[in-house]
Structures are given as structure tokens and as C-alpha cells.
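Enquirer: Input: one structure, supplied below.
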Amino acid sequence: MKIGVLALQGDFDAHRRRLEELSAEVILVRKPEQLDEIDGLVIPGGESGTILKLLGDAGFAKLKDFVLSKPSFGTCAGCILLATDVENPKQAGLGALDMTVRRNAYGRQIDSSIREGKFLSDPIEMVFIRAPKIERLGLGVEVVATEGKDPVLVRSGKTMASTFHPELSDDPRIHQYFLDLVADGKKTGK
Amino acid sequence: MSKNNGHNTNLRLKTGLAEMLKGGVIMDVTDAKQAEIAARAGAVAVMALERVPAQIRAEGGVARMASPKKIREIMAVVDIPVMAKCRIGHFAEAQILEELGVDYIDESEVLTPADEAHHVDKHAFKVPFVCGARNLGEALRRIAEGAAMIRTKGEAGTGDVVHAVRHIRQIVMEMRILTVLGEEELYAKAKEHQAPYELIKMVARDGKLPVPNFSAGGIATPADAALVMQLGAEAVFVGSGIFMKNSTEFADPAEAEKRAKAIVQAATHFKDPKVLLEVSEDLIGAMKGLAVSGLDEAHLLQTRGW
């Protein structure tokens, strides 16, 4: 199974390490044509505005085609990029998850925190860094993890997104969940 | 699994933000207008300053923390992280910057040092700090004090990349040496580097710093950014190189934006000469700069810090 990690900017290396620990073959994706080689894509944390600029129009279009048809997982900035609607400020989304995400919803770095939430009803550590919040969920988007009352990991079909950073915790469960999703997709030929 | 004691939690949040900046460019800006240009060009963060290092160098005088009003103006116009500098050892400036809500503090040799023996106790703060280093020992001393990111010092405000290269090479080489040494040799190395043994051991095991390692000091072109990234830097700070034409005059804003965009591309595609050529092609010159080899020892900023 080949997993791409979008490596234009951000904590792509933390994702690469975690995925390799879980025995995935990882490709750091910096060029649009590399998307043709992979079975699933992780879009890391970073600055979503910067990543959009680095994608450019052609990269954005190619990435959009990919996330609408193949398994994808975005964390923080990646979650923002996968949404249909983005607030604070408004910016373009890839539209793979029907939801509204508000950038920097908790405040500045001083308001970043590590908290405990629930992933499929089990407790799990969550690292929030200048994190966004999911403010609206469309039909068919299910909540997989919560922190307090907030949805913080959501999924619709083969696309998932978290507002926190599982790649910065030692716990591999969420990346494993994504790898299982990619493997399922391969089995059923989707 | 979770390592939730207070100290560790704090450090993970601090280095966590630095992780998010990797592969990016942090740009020095002196007003809201420059901050907007930097954000538009794709900067991952801006450093809010009263004067860029080239101006500080040219004008002399005591260089202090920027005025909070200026920093606030910059924070108001961009949604990327905003950093600001405090003087070495000036924990009261750092307290003010933390209260103001900046996202990172650079305890910087570019400003006039406020303490001749001590750096800020950075563990005492919730806001993360970045510090400059010229070698591994200096980097580890800053990490021991609580720095969550290290950057090379280079020679700020010159547009001459030679010392940023010297410092990143030095740090990378010294780390590489540790990875092949035996246990008893590491104790001797701790003494030689004047750094805590625990940190020396950590570097020997991992072959890298326990916090992100960025580069700064004299980076002025896309090729400079690609050079330090290929040598092992994980992101770059560009100070005077974007908005200055020379030590006293600002560059044309359109030209500065073009240069900023090109350096952003270079930090991502640092190993891809085809992209580097493309982005370098339509740039009109770079900051005139000062050759560091022509500077008197007394005019070097990098020797500040202990």
C-alpha cells in the first residue's frame, strides 16, 4: 500500500514517521504527477493559506480530483483544505467533506492545548495547535471523535479529517484507522 | 501512552507549532503593509520588527523589542503566526510579548543584549521561544533553557549567506560525530560542548536536535534558501533579504513580493533545480548586501549569546 503525504509545507515528516512505523510505504508528494502513484493521501498540518499558494491552480485541480475519488486524511490545515466551506477568512476548499471549518477558532498559540477526547467511544489524547473548529456538518458526514461537545474527527466515505494532530501523539490508532480505510477501498475496488 | 505531565505537555505544544512551520519561510516585516505582502506571498509566519537587521546595522544605537503597538498592527492584518524579538536575557520584554499574545518569541542576538551572562529561562513561559546558535553546544544550551526551536545565527542583515552555511554545517557535523561515539566518549563531549549530558545523549541516539532546526542570517535569494535546506535546515527565516534594496532603502514592494514568492517556492522545492531555475529566472537582482569577511569582529552580531 502506497500512502502519499503532501509535503509542500507543514509537519509532513511527523506523518511519514508514523505511517512508516505502521508499515506503510510512504511517498512525500511535492509534484501533482506523484498523486498517480499512491493509494491514499495524508494532508498534514501547516499553514493552509501557504499550502494553497504552493499548490497553484493546476495543483489544486489535480488534488481536488484525487481527494474526490481516493482515500484522503487531513489534519488541522489538511482538515481546512478538505472542507467545502472555510471561514476566518474565507478561502477555497477542495470540497471532499461537506462541512464548514473556522480557522484559528481557539485563538493564538497561547491557547493551544493537549486535551483528552473520545475516539469511537475510547479515550484518546488530542494535540490542538492554533486549531480550527468544525462549525457545520453536512448530511452524510459522520463524527468519529469528539472533544467535549465538538466534533474533532469526521468521516464521509473514504475521506477523513481531524482538527487535532494525531501525528504529534504517540498513539497510532487514528493513522491505523486511515490505513484500514485505504485497505478496505482497495479490497472492494473503490 | 500519553505523556501528560505539565512540563512535557508544554514543550510538545511549543515544538508542535514549529513542526507546522517546516518547509516554510518566516519573513521579517516592519509594518502592516509588509506583513500583508509576506502573507500574500505565502510566508508561514512573520517576524514583527521595528527595523530589519540591515537597518539596525546601518543606524546603530540600542536595538530593543519592537513597540507593542506596531506588533499589534501586524497581528491585526495577518492570520498566520506572528513572532517578535526580545533582547537576550530580557525576560521582562518576553513577558510583555507573551501578554500581547505573539505566537513565538525570538530571543535574538540581532537586538542589543540585556544580560551578559544569562539567557531568558524559557521554561517559565507558555509562549514558545526560538534562539540562534552557531554550534551544537550553543544549540543544546538554549534547548536546556527551554527553546522550542533553534535557528542558525548566520550574520543577520548582511545578505551574505556564508555564516548561515558555516553554522548549519557545524551543527550537522557535530551531531553526526555524536552518533558514532561510545557511551564514555559522550560524557567527554558534554564537557567539550558545555551542554547537558542528557541532551548530548539524545542527539547521539537520534542524530538530530530534539527540536526543529531552522536557518537564518543572510539568506537573500531562492538559491540561498535551497542551499541551507539541502544542508539540513527544516525551514528558513528571511530578514532583510526580502524588503531591503540595501542597508537603508526599501525595495520596490512589487519586487519584494516577487522575491518573497520565489523564496517560498524554493523552500518547498529545495531539491528540484528545475523549479529553482524557474523561480530565480525573473527576479531582478537581490539586496546589495555586505560581505561578512569585510566586517570587523566588533560589528558581528553572531558573537552575542553565551
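Residue numbering restarts at 1 in every chain; chains get A, B, ... in the order shown in the C-alpha cells, and ligands count up from 1 in that same order.
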Excluding Thr100 of chain A and residues on its chain fewer than 3 positions from it, collect all residues at most 7 Å away from it, counting only C-alpha atoms, and give them as a list in words.
Expert: Ala83, Thr84, Asp85, Val86, Ile134, Glu135, Arg136 and Leu137 of chain A
Enquirer: Got a sec to pull out which chain A residues are within 8 Å of chain B, counting only C-alpha atoms, and send them as a VMD selection string?
Expert: chain A and resid 7 to 11 30 45 to 47 49 to 51 53 to 54 108 to 110 112 to 114 125 127 129 168 to 171
Enquirer: Would you save the residues from that selection as a compact mmCIF listing (two decimals), in the first residue's frame, using C-alpha atoms?
Expert:
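File written: selection.txt
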# COMPACT_ATOMS: atom_id res chain seq x y z
CA ALA A 7 4.93 17.68 1.54
CA LEU A 8 4.59 21.24 0.27
CA GLN A 9 4.85 22.64 3.79
CA GLY A 10 4.00 21.64 7.36
CA ASP A 11 4.51 18.62 9.65
CA ARG A 30 5.57 17.65 -3.96
CA GLY A 45 -0.85 20.34 9.44
CA GLY A 46 0.83 23.57 8.45
CA GLU A 47 -0.44 26.89 7.16
CA GLY A 49 -3.08 29.52 3.09
CA THR A 50 0.57 28.81 2.31
CA ILE A 51 -0.23 25.30 1.09
CA LYS A 53 -0.42 29.13 -2.72
CA LEU A 54 2.15 26.41 -3.20
CA ARG A 108 -3.45 32.13 19.14
CA GLN A 109 -0.57 29.79 20.10
CA ILE A 110 -1.01 30.62 23.79
CA SER A 112 -3.07 25.74 22.02
CA SER A 113 -3.61 22.72 24.27
CA ILE A 114 -3.39 18.97 24.74
CA GLU A 125 -5.01 12.24 23.61
CA VAL A 127 -2.98 17.86 20.41
CA ILE A 129 -2.27 23.78 17.79
CA LEU A 168 2.08 14.55 17.32
CA SER A 169 0.88 11.95 19.87
CA ASP A 170 2.46 8.53 20.42
CA ASP A 171 -0.87 6.78 19.83
Enquirer: Give the answer as one residue: which of B:Pro196, B:Pro222, B:Pro273, B:Pro253 has the shortest atom-to-atom distance to Glu138 of chain B, using only C-alpha atoms?
Expert: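 Going through B:Pro196, B:Pro222, B:Pro273, B:Pro253 one by one, the smallest distance to Glu138 of chain B is for B:Pro196.
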Enquirer: Quick one, how far is atom CA of Leu35 of chain A from atom CA of Ala262 of chain B?
Expert: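 Computed distance, atom CA of Leu35 of chain A to atom CA of Ala262 of chain B, equals 23.9 Å.
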Enquirer: May I ask which of the residues B:Gly89, B:Gly207, B:Pro212, B:Gly218 is the closest one to Ala233 of chain B, counting only C-alpha atoms?
Expert: B:Pro212
Enquirer: When you count only C-alpha atoms, which of these residues is closest to Gly56 of chain A: A:Gly74, A:Gly40, A:Lys118, A:Pro32?
Expert: A:Pro32
Enquirer: Determine which residues of segment 123-287 of chain B receive a DSSP assignment of strand (DSSP E or B), computed from the backbone, and state them as a ChimeraX atom specification.
Expert: /B:129-133,149-152,213-215,236-238,244,250
Enquirer: Can you tell me how far atom CA of Ala77 of chain A sits from atom CA of Lys31 of chain A, in Å to one decimal?
Expert: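 Atom-to-atom, atom CA of Ala77 of chain A and atom CA of Lys31 of chain A are spaced 18.7 Å apart.
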Enquirer: Do a neighbour search on Met160 of chain A at 10 Å with only C-alpha atoms, toss out local chain neighbours closer than 2 positions, and write the hits as an MDAnalysis selection string.
Expert: chainID A and resid 42 71:75 78:79 82 96:97 141:144 153:158 162 177:178 181
Enquirer: List the neighbours of His175 of chain A out to 8 Å using only C-alpha atoms; skip same-chain residues closer than 2 positions along the sequence, and give me the result as a PyMOL selection string.
Expert: chain A and resi 18-19+166-167+172-173+177-179
Enquirer: Restricting it to all heavy atoms, dump the selection as a CSV table (one decimal), in the first residue's frame.
Expert:
chain,number,residue,atom,x,y,z
A,18,ARG,N,5.1,8.2,11.4
A,18,ARG,CA,4.0,7.4,12.0
A,18,ARG,C,3.5,6.3,11.0
A,18,ARG,O,3.4,5.2,11.3
A,18,ARG,CB,2.8,8.3,12.4
A,18,ARG,CG,1.6,7.6,12.8
A,18,ARG,CD,1.8,6.7,14.0
A,18,ARG,NE,2.6,7.3,15.0
A,18,ARG,CZ,2.2,8.2,15.9
A,18,ARG,NH1,1.0,8.6,15.9
A,18,ARG,NH2,3.1,8.7,16.8
A,19,LEU,N,3.4,6.7,9.7
A,19,LEU,CA,2.9,5.8,8.7
A,19,LEU,C,3.9,4.7,8.5
A,19,LEU,O,3.5,3.5,8.3
A,19,LEU,CB,2.6,6.5,7.4
A,19,LEU,CG,1.3,7.4,7.5
A,19,LEU,CD1,1.3,8.4,6.3
A,19,LEU,CD2,0.0,6.6,7.5
A,166,PRO,N,-3.1,13.9,15.4
A,166,PRO,CA,-2.7,12.6,15.9
A,166,PRO,C,-1.2,12.2,15.6
A,166,PRO,O,-0.6,11.4,16.3
A,166,PRO,CB,-3.6,11.6,15.1
A,166,PRO,CG,-4.2,12.4,14.0
A,166,PRO,CD,-4.1,13.8,14.4
A,167,GLU,N,-0.6,12.9,14.6
A,167,GLU,CA,0.8,12.6,14.3
A,167,GLU,C,1.7,13.2,15.4
A,167,GLU,O,2.9,12.8,15.4
A,167,GLU,CB,1.1,13.2,12.9
A,167,GLU,CG,1.2,14.7,12.8
A,167,GLU,CD,-0.1,15.5,12.7
A,167,GLU,OE1,-1.2,14.8,12.9
A,167,GLU,OE2,-0.2,16.7,12.4
A,172,PRO,N,-1.0,5.3,17.8
A,172,PRO,CA,-1.1,5.1,16.4
A,172,PRO,C,-2.5,4.8,15.9
A,172,PRO,O,-2.7,4.6,14.7
A,172,PRO,CB,-0.2,3.9,16.2
A,172,PRO,CG,-0.3,3.1,17.4
A,172,PRO,CD,-0.5,4.1,18.5
A,173,ARG,N,-3.5,4.8,16.8
A,173,ARG,CA,-4.8,4.3,16.4
A,173,ARG,C,-5.5,5.0,15.2
A,173,ARG,O,-6.1,4.4,14.4
A,173,ARG,CB,-5.8,4.4,17.6
A,173,ARG,CG,-5.6,3.2,18.6
A,173,ARG,CD,-6.6,3.3,19.7
A,173,ARG,NE,-6.2,4.3,20.6
A,173,ARG,CZ,-6.9,4.8,21.6
A,173,ARG,NH1,-8.1,4.3,21.8
A,173,ARG,NH2,-6.5,5.8,22.4
A,177,TYR,N,-6.5,3.5,11.6
A,177,TYR,CA,-7.9,3.6,11.2
A,177,TYR,C,-7.9,4.1,9.7
A,177,TYR,O,-8.6,3.6,8.9
A,177,TYR,CB,-8.6,4.6,12.1
A,177,TYR,CG,-10.1,4.8,11.8
A,177,TYR,CD1,-11.1,4.0,12.3
A,177,TYR,CD2,-10.5,5.9,11.0
A,177,TYR,CE1,-12.4,4.2,12.1
A,177,TYR,CE2,-11.9,6.1,10.7
A,177,TYR,CZ,-12.8,5.2,11.3
A,177,TYR,OH,-14.2,5.4,11.0
A,178,PHE,N,-7.1,5.1,9.4
A,178,PHE,CA,-7.0,5.5,8.0
A,178,PHE,C,-6.4,4.5,7.1
A,178,PHE,O,-6.9,4.2,6.0
A,178,PHE,CB,-6.1,6.8,7.9
A,178,PHE,CG,-6.0,7.3,6.5
A,178,PHE,CD1,-7.1,7.7,5.7
A,178,PHE,CD2,-4.7,7.4,5.9
A,178,PHE,CE1,-6.9,8.1,4.4
A,178,PHE,CE2,-4.5,7.8,4.6
A,178,PHE,CZ,-5.6,8.2,3.9
A,179,LEU,N,-5.3,3.8,7.5
A,179,LEU,CA,-4.7,2.7,6.7
A,179,LEU,C,-5.8,1.6,6.4
A,179,LEU,O,-5.8,1.1,5.3
A,179,LEU,CB,-3.5,2.2,7.3
A,179,LEU,CG,-2.3,3.1,7.4
A,179,LEU,CD1,-1.1,2.5,8.1
A,179,LEU,CD2,-1.8,3.5,6.0
Enquirer: Within segment 189-286 of chain B, find each residue whose DSSP state, derived from the backbone, is alpha helix (DSSP H), and express the selection as a PyMOL selection string.
Expert: chain B and resi 189-193+197-206+222-230+240-243+253-268+273-281
Enquirer: Between B:Ile88, B:Ala216, B:Ala188, B:Ala58, which residue has the minimum interatomic distance to Phe129 of chain B, considering only C-alpha atoms?
Expert: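 The closest residue to Phe129 of chain B is B:Ile88.
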Enquirer: Within 6 Å of segment 157-162 of chain B, counting only C-alpha atoms, which residues show up once you throw out same-chain ones fewer than 6 positions away? Write them as a PyMOL selection string, please.
Expert: chain B and resi 53-54+218-220+240-241+289-291
Enquirer: Just want the 10 Å neighbourhood of Leu136 of chain B, counted on only C-alpha atoms, with same-chain residues fewer than 2 positions away dropped. Output as a PyMOL selection string.
Expert: chain B and resi 133-134+138-142+167-168+170-175+193-195+200+203+209
Enquirer: Between B:Ser67, B:Glu155, B:Ala266, B:Met27, which one has atoms that come closest to Leu295 of chain B, using only C-alpha atoms?
Expert: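 The shortest atom-to-atom distance to Leu295 of chain B comes from B:Glu155.
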Enquirer: Could you jot down the atom CA of Ile26 of chain B to atom CA of Val46 of chain B separation for me, Å, one decimal place?
Expert: 5.3 Å
Enquirer: Between B:Ala38, B:Ala256, B:Ala251, B:Ala226, single out the one closest to Val275 of chain B, counting only C-alpha atoms.
Expert: B:Ala226
